[in-house]
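Pasting protein-v8.txt here (compact mmCIF, C-alpha atoms):
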```txt
# COMPACT_ATOMS: atom_id res chain seq x y z
CA MET A 1 -8.53 -0.85 -40.81
CA LEU A 2 -9.51 -3.97 -38.88
CA SER A 3 -7.75 -7.15 -39.99
CA THR A 4 -9.60 -9.70 -42.12
CA GLN A 5 -9.61 -12.31 -39.37
CA SER A 6 -10.93 -9.87 -36.74
CA ILE A 7 -13.86 -8.43 -38.71
CA PRO A 8 -16.18 -11.47 -38.37
CA VAL A 9 -15.24 -11.90 -34.70
CA VAL A 10 -16.01 -8.27 -33.82
CA ARG A 11 -19.19 -8.36 -35.88
CA ALA A 12 -20.40 -11.48 -34.11
CA THR A 13 -19.54 -10.26 -30.61
CA LEU A 14 -20.48 -6.58 -31.02
CA PRO A 15 -24.07 -7.09 -29.77
CA ALA A 16 -22.87 -8.82 -26.58
CA VAL A 17 -20.08 -6.32 -25.96
CA GLY A 18 -22.38 -3.40 -26.74
CA ALA A 19 -25.04 -4.66 -24.34
CA SER A 20 -22.43 -4.97 -21.57
CA LEU A 21 -20.48 -1.75 -22.20
CA SER A 22 -22.03 0.03 -19.23
CA SER A 23 -20.86 -2.71 -16.87
CA ILE A 24 -17.50 -2.92 -18.64
CA THR A 25 -16.77 0.81 -18.39
CA GLU A 26 -17.92 0.95 -14.76
CA LEU A 27 -15.53 -1.87 -13.82
CA PHE A 28 -12.78 -0.38 -15.99
CA TYR A 29 -12.82 2.99 -14.21
CA ARG A 30 -13.09 1.39 -10.75
CA ARG A 31 -10.09 -0.88 -11.31
CA MET A 32 -7.99 1.86 -12.91
CA PHE A 33 -8.67 4.30 -10.07
CA GLU A 34 -7.89 1.62 -7.48
CA GLU A 35 -4.44 1.26 -9.05
CA ARG A 36 -3.93 4.94 -9.84
CA PRO A 37 -6.11 7.06 -7.49
CA GLU A 38 -4.29 10.22 -8.53
CA LEU A 39 -5.96 9.99 -11.95
CA LEU A 40 -9.39 10.53 -10.40
CA ARG A 41 -8.03 13.21 -8.10
CA ASP A 42 -6.07 15.24 -10.65
CA LEU A 43 -7.17 14.32 -14.18
CA PHE A 44 -10.66 12.87 -14.51
CA ASN A 45 -13.77 14.94 -13.77
CA ARG A 46 -15.06 13.65 -10.44
CA GLY A 47 -18.53 15.03 -11.10
CA ASN A 48 -18.84 13.15 -14.39
CA GLN A 49 -17.62 9.99 -12.68
CA ALA A 50 -20.22 10.38 -9.94
CA SER A 51 -23.05 10.93 -12.43
CA GLY A 52 -21.95 8.13 -14.76
CA ALA A 53 -21.72 10.54 -17.71
CA GLN A 54 -18.09 9.70 -18.44
CA ARG A 55 -18.82 5.96 -18.52
CA GLN A 56 -21.71 6.61 -20.91
CA ALA A 57 -19.53 8.69 -23.20
CA LEU A 58 -16.73 6.11 -23.30
CA ALA A 59 -19.19 3.31 -24.04
CA GLY A 60 -20.77 5.31 -26.86
CA ALA A 61 -17.41 6.17 -28.43
CA VAL A 62 -16.16 2.56 -28.32
CA ALA A 63 -19.42 1.23 -29.76
CA ALA A 64 -19.45 3.81 -32.55
CA PHE A 65 -15.83 3.12 -33.45
CA ALA A 66 -16.26 -0.67 -33.50
CA THR A 67 -19.47 -0.41 -35.52
CA THR A 68 -17.74 1.72 -38.13
CA LEU A 69 -14.87 -0.77 -38.39
CA VAL A 70 -17.17 -3.67 -39.25
CA GLU A 71 -19.90 -1.89 -41.21
CA ARG A 72 -17.80 0.65 -43.12
CA PRO A 73 -14.25 -0.76 -43.07
CA GLY A 74 -12.93 1.89 -45.43
CA GLU A 75 -13.92 4.71 -43.08
CA ARG A 76 -12.86 6.01 -39.70
CA PRO A 77 -15.13 8.15 -37.48
CA ASP A 78 -12.74 11.08 -37.51
CA ALA A 79 -15.35 13.56 -36.27
CA VAL A 80 -15.73 11.58 -33.06
CA LEU A 81 -12.00 10.88 -32.76
CA GLY A 82 -11.09 14.49 -33.50
CA ARG A 83 -13.31 15.79 -30.70
CA ILE A 84 -11.78 13.29 -28.25
CA ALA A 85 -8.23 14.14 -29.40
CA HIS A 86 -8.73 17.86 -28.82
CA LYS A 87 -10.13 17.17 -25.34
CA HIS A 88 -7.20 14.87 -24.55
CA ALA A 89 -4.69 17.43 -25.81
CA SER A 90 -6.22 20.10 -23.58
CA LEU A 91 -5.63 17.75 -20.63
CA GLY A 92 -2.04 16.95 -21.61
CA ILE A 93 -2.68 13.24 -22.25
CA THR A 94 0.47 11.32 -23.29
CA PRO A 95 0.87 8.06 -25.28
CA ASP A 96 1.96 5.96 -22.29
CA GLN A 97 -1.41 6.49 -20.63
CA TYR A 98 -3.10 4.50 -23.39
CA THR A 99 -1.25 1.37 -22.28
CA LEU A 100 -2.70 1.71 -18.79
CA VAL A 101 -6.19 2.31 -20.16
CA GLY A 102 -5.94 -0.62 -22.58
CA ARG A 103 -4.86 -3.03 -19.86
CA HIS A 104 -7.76 -2.16 -17.55
CA LEU A 105 -10.33 -1.89 -20.34
CA MET A 106 -9.52 -5.30 -21.80
CA GLY A 107 -9.37 -6.74 -18.30
CA ALA A 108 -12.87 -5.43 -17.66
CA VAL A 109 -14.13 -6.94 -20.93
CA GLY A 110 -12.77 -10.33 -19.91
CA GLU A 111 -14.19 -10.16 -16.39
CA VAL A 112 -17.67 -9.00 -17.41
CA LEU A 113 -18.11 -11.38 -20.36
CA GLY A 114 -16.32 -14.31 -18.78
CA ASP A 115 -15.94 -17.48 -20.85
CA ALA A 116 -17.35 -15.76 -23.92
CA VAL A 117 -14.00 -13.98 -24.26
CA THR A 118 -11.94 -16.64 -25.99
CA PRO A 119 -8.34 -15.85 -27.01
CA GLU A 120 -9.67 -15.09 -30.51
CA VAL A 121 -12.28 -12.66 -29.17
CA ALA A 122 -9.76 -11.03 -26.85
CA ALA A 123 -7.30 -10.52 -29.71
CA ALA A 124 -9.97 -9.02 -31.97
CA TRP A 125 -11.15 -6.50 -29.36
CA ASP A 126 -7.59 -5.67 -28.40
CA GLU A 127 -7.08 -4.81 -32.06
CA VAL A 128 -10.18 -2.55 -31.97
CA TYR A 129 -8.83 -0.75 -28.92
CA TRP A 130 -5.37 -0.16 -30.35
CA LEU A 131 -6.72 1.01 -33.70
CA MET A 132 -8.68 3.63 -31.80
CA ALA A 133 -5.85 4.42 -29.38
CA ASN A 134 -3.18 4.75 -32.08
CA ALA A 135 -5.45 6.99 -34.16
CA LEU A 136 -5.91 9.25 -31.13
CA ILE A 137 -2.20 9.20 -30.29
CA ALA A 138 -1.37 10.32 -33.84
CA MET A 139 -4.01 13.07 -33.80
CA GLU A 140 -2.84 14.33 -30.42
CA ALA A 141 0.79 14.33 -31.56
CA ARG A 142 -0.20 16.54 -34.49
CA LEU A 143 -2.11 18.88 -32.19
CA TYR A 144 0.88 19.20 -29.86
CA ALA A 145 3.20 19.84 -32.81
CA GLU A 146 0.86 22.47 -34.26
CA THR A 147 0.71 24.14 -30.85
CA GLY A 148 4.50 24.10 -30.59
CA VAL A 149 4.77 22.05 -27.40
CA GLU A 150 6.14 18.64 -26.42
CA ASN A 151 3.63 15.85 -25.89
CA GLY A 152 1.46 16.80 -22.92
CA ALA A 153 3.32 20.05 -22.09
CA VAL A 154 0.26 22.26 -22.55
CA TRP A 155 0.10 23.98 -19.16
CA ARG A 156 1.17 27.47 -18.13
CA ASP A 157 0.39 29.91 -15.34
CA MET A 158 -2.01 32.72 -16.20
CA GLU A 159 -2.96 35.73 -14.10
CA ILE A 160 -6.56 36.87 -13.68
CA ALA A 161 -6.56 40.47 -14.91
CA GLU A 162 -10.26 41.20 -14.45
CA ARG A 163 -13.44 39.55 -13.21
CA VAL A 164 -16.93 40.63 -14.32
CA GLU A 165 -20.28 39.28 -13.09
CA GLU A 166 -22.08 38.66 -16.38
CA SER A 167 -25.44 37.32 -15.12
CA LEU A 168 -27.08 35.81 -12.06
CA ASP A 169 -24.91 32.68 -12.24
CA THR A 170 -21.99 33.48 -14.57
CA ALA A 171 -18.76 35.43 -14.27
CA SER A 172 -16.09 36.17 -16.84
CA PHE A 173 -12.36 36.11 -16.15
CA GLU A 174 -9.82 37.95 -18.29
CA LEU A 175 -6.52 36.06 -18.34
CA ARG A 176 -3.08 37.47 -19.13
CA ARG A 177 0.43 36.09 -19.17
CA PRO A 178 2.38 37.08 -16.04
CA ASP A 179 5.40 37.94 -18.23
CA GLY A 180 3.37 40.58 -20.04
CA LEU A 181 3.66 38.96 -23.48
CA PRO A 182 0.56 38.56 -25.66
CA THR A 183 -1.36 35.33 -25.36
CA GLU A 184 -1.05 32.80 -28.18
CA PRO A 185 -3.42 33.02 -31.16
CA PHE A 186 -6.33 30.62 -31.39
CA THR A 187 -9.23 29.91 -33.72
CA PRO A 188 -12.62 31.41 -32.74
CA GLY A 189 -14.65 28.68 -31.05
CA GLN A 190 -11.78 26.96 -29.23
CA TYR A 191 -11.46 26.37 -25.48
CA VAL A 192 -8.82 26.06 -22.77
CA SER A 193 -8.58 23.76 -19.76
CA VAL A 194 -8.35 25.35 -16.32
CA GLN A 195 -6.88 23.50 -13.34
CA VAL A 196 -7.54 24.57 -9.75
CA GLU A 197 -6.50 23.09 -6.41
CA LEU A 198 -9.52 22.29 -4.26
CA PRO A 199 -9.67 22.21 -0.43
CA ASP A 200 -9.07 18.43 -0.33
CA GLY A 201 -5.86 18.79 -2.37
CA ALA A 202 -7.33 17.52 -5.64
CA ARG A 203 -6.34 19.43 -8.76
CA GLN A 204 -9.45 19.21 -10.88
CA ILE A 205 -9.64 20.34 -14.52
CA ARG A 206 -12.48 21.77 -16.58
CA GLN A 207 -12.73 23.17 -20.11
CA TYR A 208 -14.02 26.70 -20.83
CA SER A 209 -14.51 28.30 -24.23
CA LEU A 210 -12.57 31.44 -25.02
CA SER A 211 -15.33 34.02 -25.25
CA THR A 212 -13.62 36.81 -27.21
CA ALA A 213 -11.83 37.01 -30.54
CA PRO A 214 -8.15 35.97 -30.76
CA ALA A 215 -6.83 39.37 -31.83
CA ARG A 216 -6.29 40.53 -28.23
CA LYS A 217 -3.44 40.59 -25.75
CA THR A 218 -5.49 38.60 -23.23
CA TRP A 219 -7.89 35.63 -23.17
CA ARG A 220 -11.34 35.60 -21.59
CA ILE A 221 -13.37 32.69 -20.25
CA THR A 222 -16.93 32.83 -18.96
CA VAL A 223 -17.85 30.39 -16.20
CA LYS A 224 -21.34 29.35 -15.16
CA ARG A 225 -21.61 28.15 -11.57
CA GLU A 226 -22.92 24.60 -11.95
CA ARG A 227 -25.43 23.79 -9.24
CA SER A 228 -26.98 20.43 -8.40
CA ALA A 229 -30.54 20.25 -9.68
CA ASP A 230 -31.64 17.36 -7.48
CA GLY A 231 -28.95 16.93 -4.86
CA ARG A 232 -27.78 13.61 -6.30
CA ILE A 233 -25.17 15.07 -8.66
CA PRO A 234 -22.44 17.13 -6.95
CA GLU A 235 -22.14 20.86 -7.45
CA GLY A 236 -19.61 21.87 -10.08
CA GLU A 237 -16.32 21.69 -8.19
CA VAL A 238 -14.19 23.93 -10.39
CA SER A 239 -16.92 26.43 -11.31
CA SER A 240 -17.91 26.77 -7.62
CA TRP A 241 -14.28 27.34 -6.63
CA LEU A 242 -13.74 29.96 -9.32
CA HIS A 243 -16.92 31.83 -8.37
CA ALA A 244 -16.05 31.74 -4.67
CA HIS A 245 -12.32 32.41 -4.75
CA ALA A 246 -10.90 33.60 -8.09
CA ARG A 247 -10.07 37.32 -8.05
CA PRO A 248 -7.86 39.69 -10.07
CA GLY A 249 -4.20 39.06 -9.37
CA ASP A 250 -4.68 35.33 -8.71
CA ILE A 251 -2.68 32.79 -10.72
CA VAL A 252 -4.42 29.81 -12.33
CA ARG A 253 -3.09 26.93 -14.44
CA VAL A 254 -4.42 27.11 -18.00
CA SER A 255 -3.78 24.93 -21.06
CA ARG A 256 -3.09 26.04 -24.60
CA PRO A 257 -6.26 26.43 -26.72
CA PHE A 258 -7.81 23.40 -28.41
CA GLY A 259 -11.19 22.40 -29.86
CA ASP A 260 -12.59 21.55 -33.27
CA LEU A 261 -15.79 23.64 -33.30
CA VAL A 262 -14.15 26.52 -35.13
CA LEU A 263 -15.27 29.29 -37.42
CA PRO A 264 -14.86 28.27 -41.06
CA GLU A 265 -13.08 30.55 -43.47
CA GLY A 266 -14.84 32.00 -46.49
CA ASP A 267 -18.00 34.03 -46.93
CA GLY A 268 -20.68 31.32 -46.67
CA PRO A 269 -23.75 31.99 -44.49
CA LEU A 270 -23.71 30.88 -40.86
CA LEU A 271 -26.23 29.90 -38.21
CA LEU A 272 -24.91 30.22 -34.65
CA ALA A 273 -27.41 28.62 -32.27
CA SER A 274 -26.75 28.46 -28.53
CA ALA A 275 -28.48 28.03 -25.20
CA GLY A 276 -27.31 29.06 -21.73
CA ILE A 277 -23.54 29.06 -21.28
CA GLY A 278 -23.27 27.59 -24.80
CA ILE A 279 -23.14 31.21 -25.94
CA THR A 280 -19.41 31.46 -25.18
CA PRO A 281 -17.87 30.00 -28.37
CA MET A 282 -20.42 31.95 -30.41
CA LEU A 283 -19.25 35.20 -28.80
CA SER A 284 -15.70 34.46 -29.92
CA MET A 285 -16.87 33.82 -33.49
CA LEU A 286 -19.05 36.93 -33.53
CA ASP A 287 -16.31 39.12 -32.04
CA HIS A 288 -13.93 37.93 -34.75
CA LEU A 289 -16.50 38.51 -37.50
CA ALA A 290 -17.26 42.01 -36.20
CA ASN A 291 -13.57 42.92 -35.84
CA THR A 292 -12.82 41.78 -39.40
CA SER A 293 -15.86 43.62 -40.87
CA ALA A 294 -17.24 40.37 -42.27
CA ARG A 295 -20.15 40.75 -44.66
CA ARG A 296 -21.31 37.14 -44.64
CA HIS A 297 -24.89 36.39 -43.61
CA VAL A 298 -24.97 35.40 -39.93
CA THR A 299 -28.14 34.24 -38.20
CA VAL A 300 -27.72 34.19 -34.41
CA VAL A 301 -30.09 32.24 -32.18
CA HIS A 302 -29.87 32.12 -28.40
CA ALA A 303 -32.12 30.55 -25.77
CA ASP A 304 -32.08 31.17 -22.02
CA ARG A 305 -34.23 31.01 -18.92
CA SER A 306 -34.65 34.78 -18.74
CA PRO A 307 -32.82 38.00 -19.67
CA ALA A 308 -31.33 38.04 -16.15
CA HIS A 309 -29.78 34.60 -16.77
CA HIS A 310 -28.50 35.54 -20.24
CA ALA A 311 -24.74 36.07 -19.90
CA HIS A 312 -23.26 38.78 -22.16
CA ARG A 313 -26.75 39.81 -23.34
CA LEU A 314 -25.86 43.40 -24.19
CA GLU A 315 -22.54 42.34 -25.70
CA LEU A 316 -24.34 39.89 -27.98
CA ASP A 317 -26.72 42.63 -29.13
CA ASP A 318 -23.77 44.89 -29.89
CA LEU A 319 -21.78 42.28 -31.81
CA VAL A 320 -24.71 41.30 -34.02
CA SER A 321 -25.53 44.98 -34.68
CA ARG A 322 -21.98 45.46 -36.01
CA LEU A 323 -22.53 42.82 -38.69
CA PRO A 324 -24.14 44.34 -41.81
CA ASN A 325 -25.83 41.01 -42.57
CA GLY A 326 -26.40 39.76 -39.06
CA THR A 327 -29.78 38.97 -37.46
CA LEU A 328 -30.53 38.05 -33.84
CA HIS A 329 -33.34 35.85 -32.52
CA LEU A 330 -33.78 35.27 -28.78
CA TRP A 331 -35.99 32.80 -26.95
CA TYR A 332 -36.62 33.12 -23.21
CA GLU A 333 -38.69 30.87 -21.00
CA ARG A 334 -39.55 34.04 -19.08
CA PRO A 335 -39.04 37.14 -21.26
CA GLU A 336 -39.95 39.43 -18.33
CA GLU A 337 -39.91 43.07 -19.33
CA LEU A 338 -38.07 42.69 -22.64
CA GLU A 339 -40.28 43.47 -25.60
CA ALA A 340 -38.68 43.49 -29.04
CA ALA A 341 -39.34 41.95 -32.41
CA HIS A 342 -36.41 39.55 -32.03
CA VAL A 343 -37.43 38.32 -28.54
CA ASN A 344 -39.66 35.27 -28.29
CA GLU A 345 -41.21 33.38 -25.39
CA GLY A 346 -40.82 29.63 -24.94
CA LEU A 347 -38.48 27.12 -26.53
CA THR A 348 -36.34 27.73 -29.60
CA ASP A 349 -38.09 27.16 -32.92
CA VAL A 350 -35.69 27.49 -35.85
CA THR A 351 -38.42 26.36 -38.25
CA ARG A 352 -39.74 29.94 -38.02
CA LEU A 353 -36.51 31.30 -39.50
CA SER A 354 -35.76 31.80 -43.15
CA LEU A 355 -32.26 30.41 -43.55
CA PRO A 356 -30.17 31.14 -46.66
CA GLU A 357 -29.16 28.34 -48.98
CA GLY A 358 -25.82 26.77 -48.16
CA VAL A 359 -25.88 27.74 -44.48
CA THR A 360 -23.45 26.07 -42.07
CA ALA A 361 -24.85 25.62 -38.56
CA PHE A 362 -22.97 25.61 -35.24
CA LEU A 363 -24.75 24.46 -32.09
CA CYS A 364 -23.71 24.72 -28.46
CA GLY A 365 -25.78 24.18 -25.35
CA PRO A 366 -27.52 21.43 -23.40
CA LEU A 367 -27.86 18.16 -25.30
CA PRO A 368 -31.71 18.26 -25.51
CA PHE A 369 -31.51 21.75 -27.04
CA MET A 370 -28.95 20.67 -29.64
CA ARG A 371 -30.83 17.51 -30.53
CA ALA A 372 -34.07 19.46 -31.03
CA VAL A 373 -32.43 22.17 -33.14
CA ARG A 374 -30.47 19.64 -35.19
CA GLY A 375 -33.63 17.67 -35.89
CA ASP A 376 -35.46 20.79 -37.04
CA LEU A 377 -32.54 21.78 -39.27
CA LEU A 378 -32.40 18.33 -40.87
CA GLY A 379 -36.14 18.63 -41.45
CA GLN A 380 -35.52 21.92 -43.25
CA GLY A 381 -33.11 20.24 -45.64
CA LEU A 382 -29.69 20.87 -44.08
CA GLY A 383 -27.27 17.99 -44.51
CA PRO A 384 -25.69 16.34 -41.46
CA LYS A 385 -22.23 17.49 -42.61
CA ASP A 386 -23.40 21.10 -42.40
CA ILE A 387 -24.37 20.90 -38.72
CA HIS A 388 -21.56 21.07 -36.15
CA TYR A 389 -21.80 21.04 -32.37
CA GLU A 390 -19.83 21.45 -29.16
CA VAL A 391 -20.64 19.59 -25.94
CA PHE A 392 -19.58 21.00 -22.57
CA GLY A 393 -18.67 17.81 -20.74
CA PRO A 394 -18.65 14.18 -21.93
CA ASP A 395 -20.05 13.76 -25.43
CA LEU A 396 -23.17 11.67 -24.82
CA TRP A 397 -24.57 12.17 -28.31
CA LEU A 398 -23.50 8.69 -29.48
CA SER A 399 -24.71 6.95 -26.32
CA LYS A 400 -28.39 7.64 -26.91
```

Write out the structure in this file as C-alpha cells.
Amino acid sequence: MLSTQSIPVVRATLPAVGASLSSITELFYRRMFEERPELLRDLFNRGNQASGAQRQALAGAVAAFATTLVERPGERPDAVLGRIAHKHASLGITPDQYTLVGRHLMGAVGEVLGDAVTPEVAAAWDEVYWLMANALIAMEARLYAETGVENGAVWRDMEIAERVEESLDTASFELRRPDGLPTEPFTPGQYVSVQVELPDGARQIRQYSLSTAPARKTWRITVKRERSADGRIPEGEVSSWLHAHARPGDIVRVSRPFGDLVLPEGDGPLLLASAGIGITPMLSMLDHLANTSARRHVTVVHADRSPAHHAHRLELDDLVSRLPNGTLHLWYERPEELEAAHVNEGLTDVTRLSLPEGVTAFLCGPLPFMRAVRGDLLGQGLGPKDIHYEVFGPDLWLSK
C-alpha cells in the first residue's frame, strides 16, 4: 500500500509520468544496456527491444500498477504481477537485479522530466517502484520454493529426443533428461524457457508452451519459425536457430516450467480459444483432459491461415474426439479442400456458439484475436474474471 504522503504526489504526477513513459523506458533500457551489455546479449529479447514491444509492455505495467495504487489503494493488480513473476522466474531473475533496474529507471524518470522531479516526487515514485519490485520478488521467491530450486537456479540441460515437422512453419521437439529420469510434473498450460547460443555468441532466451500433458516421461515444445512481415522487425532469432539447427541428440538449456494460464480443477465447462501457435497450451490441457477421461463440457475454438498452417491439426481432432462432451470449431482464412460441419471460413466468431452457463474461457494467440474474442465473450455476458489469456511475448494488453 502506498504511503499517505505519497498518494497525492503520485496522483498529481501520474498524468505527466504516464505521458512520458515511452521516453522514460527507452532511456532506461539504453542506459542499463550501456552499463551491462551482457543483459541485452544473454537475458533480454533482442527482437522485442528492436521493435519497442518490451518498452511498451514495461510502460503499461508501471502505469497500471501506479494507477491501482492511487485509485484502489486496498488492491494490488496481482493478475498482472503474477504473469510478470512467472516470466521472471522462467528467466532465473534474482532479487539483486531489481536494484540495478530501479537505479536506471528512476534515473530515466529524473532525466526525462527534469525539474518537475522534486525530491518529494522522486521519493514517491521510488516508493511505487519498490512496492512493485518487492511484490514481484516475493512472488518469484514463492515460485522458486514451489519448484524446489534456489533463487534463479531454474536451468538444466535437456536432450532433444525427437523432432517432428508439424506444419509449414512449425516443428515440435520432444525433450528428455540426459540422465534418463522422468521430467518434473507441471500444470497443463505452463511453459518453459529455452536458451540457445547464436552465431554471434549471444545466448538468447524464449518461452515455449509445453504442448502435451504432464503425465509423460518427456516434455514437448512446438516452435513456430517467426519471420519478419515487413523487414523492419528482425526474424525470430531463437525460433530460426531451432528450425535450422536443432536435431535429435542435441542438448539445449531449458528452464523449469512456469506460467499462470493453467487448467482449473473441477468439472466446470471450458472454452479453449486459440489462433496460430497459440494452440500449444490448449493441446496440453486437452491431452490432460483426454488422459483423465474428463466429462466436463469443453468447447474448442481454433483459427489459422489454412489447414496447411494449422500445427497439430489431426492431433487436435483426435483429442477433442476423445472427450465425451467436447466440441471443435475451426476457422480458416483459406479452408482449401477441408469441408466439414465444424470448419468455417473467415475470422473467428464465437457469437455463433452456444456456450454453457458458468463457462471459463482461456485465450491464446495474437493480441488482435484475443481482444476480439474477449470483447465478444463480454458481450455474451461472461464476466472479466472468467476470461483468462496467455501472451507469447511482452504483454501489451495494458499498453493500449

*Residue with smallest distance to Ile160 (chain A) - pool A:Ala124, A:Ala246, A:Val117, A:Ala135, counting only C-alpha atoms*: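 Of all the options, A:Ala246 lies closest to Ile160 (chain A).
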
*Take CA of Glu390 (chain A) and CA of His86 (chain A) and report the distance between them in Å, one decimal.*
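According to the coordinates, CA of Glu390 (chain A) and CA of His86 (chain A) are separated by 11.7 Å.
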
Using only the atoms of region 356-374 of chain A listed in the file, plus 6 Å on each side, state the axis-aligned box centre and edge lengths in Å rounded to one decimal, as JSON.
```
{"center_x": -28.5, "center_y": 24.3, "center_z": -36.2, "size_x": 23.1, "size_y": 25.6, "size_z": 37.6}
```

*Can you list, as a PyMOL selection string, every protein, DNA or RNA residue that comes within 9 Å of Val62 (chain A) when you count only C-alpha atoms, leaving out same-chain residues fewer than 3 positions away?*
chain A and resi 18+21+57-59+65-67+128-129+132

Give me a file of those residues, with C-alpha atoms, as a compact mmCIF listing (two decimals), in the coordinates of the input.
```
# COMPACT_ATOMS: atom_id res chain seq x y z
CA GLY A 18 -22.38 -3.40 -26.74
CA LEU A 21 -20.48 -1.75 -22.20
CA ALA A 57 -19.53 8.69 -23.20
CA LEU A 58 -16.73 6.11 -23.30
CA ALA A 59 -19.19 3.31 -24.04
CA PHE A 65 -15.83 3.12 -33.45
CA ALA A 66 -16.26 -0.67 -33.50
CA THR A 67 -19.47 -0.41 -35.52
CA VAL A 128 -10.18 -2.55 -31.97
CA TYR A 129 -8.83 -0.75 -28.92
CA MET A 132 -8.68 3.63 -31.80
```

*Out of A:Asn48, A:Gln195, A:Gln97, A:Gln56, which residue has the shortest atom-to-atom distance to Met32 (chain A) when counting all atoms listed in the file?*
A:Gln97

*asked:* Quick check, in Å to one decimal: how far apart do CA of Gln204 (chain A) and CA of Asp42 (chain A) lie?
replied: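 Between these atoms lies a distance of 5.2 Å.
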
*Can you work out which one of A:Pro356, A:Gly189, A:His309, A:Leu377 has the shortest atom-to-atom distance to His288 (chain A), counting only C-alpha atoms?*
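Ranked by minimum distance to His288 (chain A), first place goes to A:Gly189.
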
_Under the rule that only C-alpha atoms are counted, which of A:Arg296, A:Glu336, A:Pro37, A:Leu100 is the nearest residue to Gly268 (chain A)?_
A:Arg296

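Across A:Phe258, A:Trp130, A:Trp125, A:Phe44, the tightest approach to Phe186 (chain A) is made by A:Phe258 when counting only C-alpha atoms.
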
_Show me, as a list in words, the residues that have an atom within 12 Å of Pro368 (chain A) when counting all atoms listed in the file, minus same-chain residues fewer than 2 positions from it._
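Once the nearby chain positions are removed, what remains is Ser274, Ala275, Leu347, Thr348, Leu363, Cys364, Gly365, Pro366, Met370, Arg371, Ala372, Val373, Arg374, Gly375, Val391, Leu396, Trp397 and Lys400 of chain A.
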
_Please determine, counting only C-alpha atoms, which residue among A:Leu168, A:Ile251, A:Glu235, A:Gly266 has the shortest atom-to-atom distance to Pro307 (chain A)._
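For Pro307 (chain A), the nearest of the candidates is A:Leu168.
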
Using all atoms listed in the file, which protein or nucleic acid residues come within 12 Å of Arg103 (chain A)? Drop anything in the same chain fewer than 3 positions from it, and give the result as an mmCIF file with C-alpha atoms, keeping the file's coordinate frame.
```
data_model
loop_
_atom_site.group_PDB
_atom_site.id
_atom_site.type_symbol
_atom_site.label_atom_id
_atom_site.label_comp_id
_atom_site.auth_asym_id
_atom_site.auth_seq_id
_atom_site.Cartn_x
_atom_site.Cartn_y
_atom_site.Cartn_z
ATOM 1 C CA PHE A 28 -12.780 -0.380 -15.990
ATOM 2 C CA TYR A 29 -12.820 2.990 -14.210
ATOM 3 C CA ARG A 31 -10.090 -0.880 -11.310
ATOM 4 C CA MET A 32 -7.990 1.860 -12.910
ATOM 5 C CA GLU A 35 -4.440 1.260 -9.050
ATOM 6 C CA ASP A 96 1.960 5.960 -22.290
ATOM 7 C CA GLN A 97 -1.410 6.490 -20.630
ATOM 8 C CA TYR A 98 -3.100 4.500 -23.390
ATOM 9 C CA THR A 99 -1.250 1.370 -22.280
ATOM 10 C CA LEU A 100 -2.700 1.710 -18.790
ATOM 11 C CA MET A 106 -9.520 -5.300 -21.800
ATOM 12 C CA GLY A 107 -9.370 -6.740 -18.300
ATOM 13 C CA ALA A 108 -12.870 -5.430 -17.660
ATOM 14 C CA VAL A 109 -14.130 -6.940 -20.930
ATOM 15 C CA GLY A 110 -12.770 -10.330 -19.910
ATOM 16 C CA ALA A 122 -9.760 -11.030 -26.850
ATOM 17 C CA TRP A 125 -11.150 -6.500 -29.360
ATOM 18 C CA ASP A 126 -7.590 -5.670 -28.400
ATOM 19 C CA TYR A 129 -8.830 -0.750 -28.920
ATOM 20 C CA TRP A 130 -5.370 -0.160 -30.350
#
```

*Between CA of Val149 (chain A) and CA of Pro185 (chain A), measure the distance and give it in Å to one decimal.*
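That distance, rounded to one decimal, is 14.2 Å.
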
*Excluding Gly393 (chain A) and any residue of its chain fewer than 4 positions from it, enumerate the residues within 12 Å of it, using only C-alpha atoms, and give them as a ChimeraX atom specification.*
/A:44-49,51-54,56-57,83-84,87,193,205-209,226,236,278,364-367,397

*asked:* I'd like the neighbourhood of Ser20 (chain A) as a list in words, where a residue qualifies if any of its atoms comes within 12 Å (using all atoms listed in the file), though same-chain residues fewer than 2 positions away should be ignored.
replied: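 Residues near the query, excluding close chain neighbours: Thr13, Leu14, Pro15, Ala16, Val17, Gly18, Ser22, Ser23, Ile24, Thr25, Glu26, Leu27, Arg55, Gln56, Ala59, Gly60, Val62, Ala63, Ala108, Val109, Gly110, Glu111, Val112, Leu113 and Gly114 of chain A.
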
File of the preceding selection, C-alpha atoms, as a PDB file, keeping the file's coordinate frame:
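Writing done, so here's part_28.pdb:
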```
ATOM      1  CA  THR A  13     -19.540 -10.260 -30.610  1.00  0.00           C
ATOM      2  CA  LEU A  14     -20.480  -6.580 -31.020  1.00  0.00           C
ATOM      3  CA  PRO A  15     -24.070  -7.090 -29.770  1.00  0.00           C
ATOM      4  CA  ALA A  16     -22.870  -8.820 -26.580  1.00  0.00           C
ATOM      5  CA  VAL A  17     -20.080  -6.320 -25.960  1.00  0.00           C
ATOM      6  CA  GLY A  18     -22.380  -3.400 -26.740  1.00  0.00           C
ATOM      7  CA  SER A  22     -22.030   0.030 -19.230  1.00  0.00           C
ATOM      8  CA  SER A  23     -20.860  -2.710 -16.870  1.00  0.00           C
ATOM      9  CA  ILE A  24     -17.500  -2.920 -18.640  1.00  0.00           C
ATOM     10  CA  THR A  25     -16.770   0.810 -18.390  1.00  0.00           C
ATOM     11  CA  GLU A  26     -17.920   0.950 -14.760  1.00  0.00           C
ATOM     12  CA  LEU A  27     -15.530  -1.870 -13.820  1.00  0.00           C
ATOM     13  CA  ARG A  55     -18.820   5.960 -18.520  1.00  0.00           C
ATOM     14  CA  GLN A  56     -21.710   6.610 -20.910  1.00  0.00           C
ATOM     15  CA  ALA A  59     -19.190   3.310 -24.040  1.00  0.00           C
ATOM     16  CA  GLY A  60     -20.770   5.310 -26.860  1.00  0.00           C
ATOM     17  CA  VAL A  62     -16.160   2.560 -28.320  1.00  0.00           C
ATOM     18  CA  ALA A  63     -19.420   1.230 -29.760  1.00  0.00           C
ATOM     19  CA  ALA A 108     -12.870  -5.430 -17.660  1.00  0.00           C
ATOM     20  CA  VAL A 109     -14.130  -6.940 -20.930  1.00  0.00           C
ATOM     21  CA  GLY A 110     -12.770 -10.330 -19.910  1.00  0.00           C
ATOM     22  CA  GLU A 111     -14.190 -10.160 -16.390  1.00  0.00           C
ATOM     23  CA  VAL A 112     -17.670  -9.000 -17.410  1.00  0.00           C
ATOM     24  CA  LEU A 113     -18.110 -11.380 -20.360  1.00  0.00           C
ATOM     25  CA  GLY A 114     -16.320 -14.310 -18.780  1.00  0.00           C
TER      26      GLY A 114
END
```
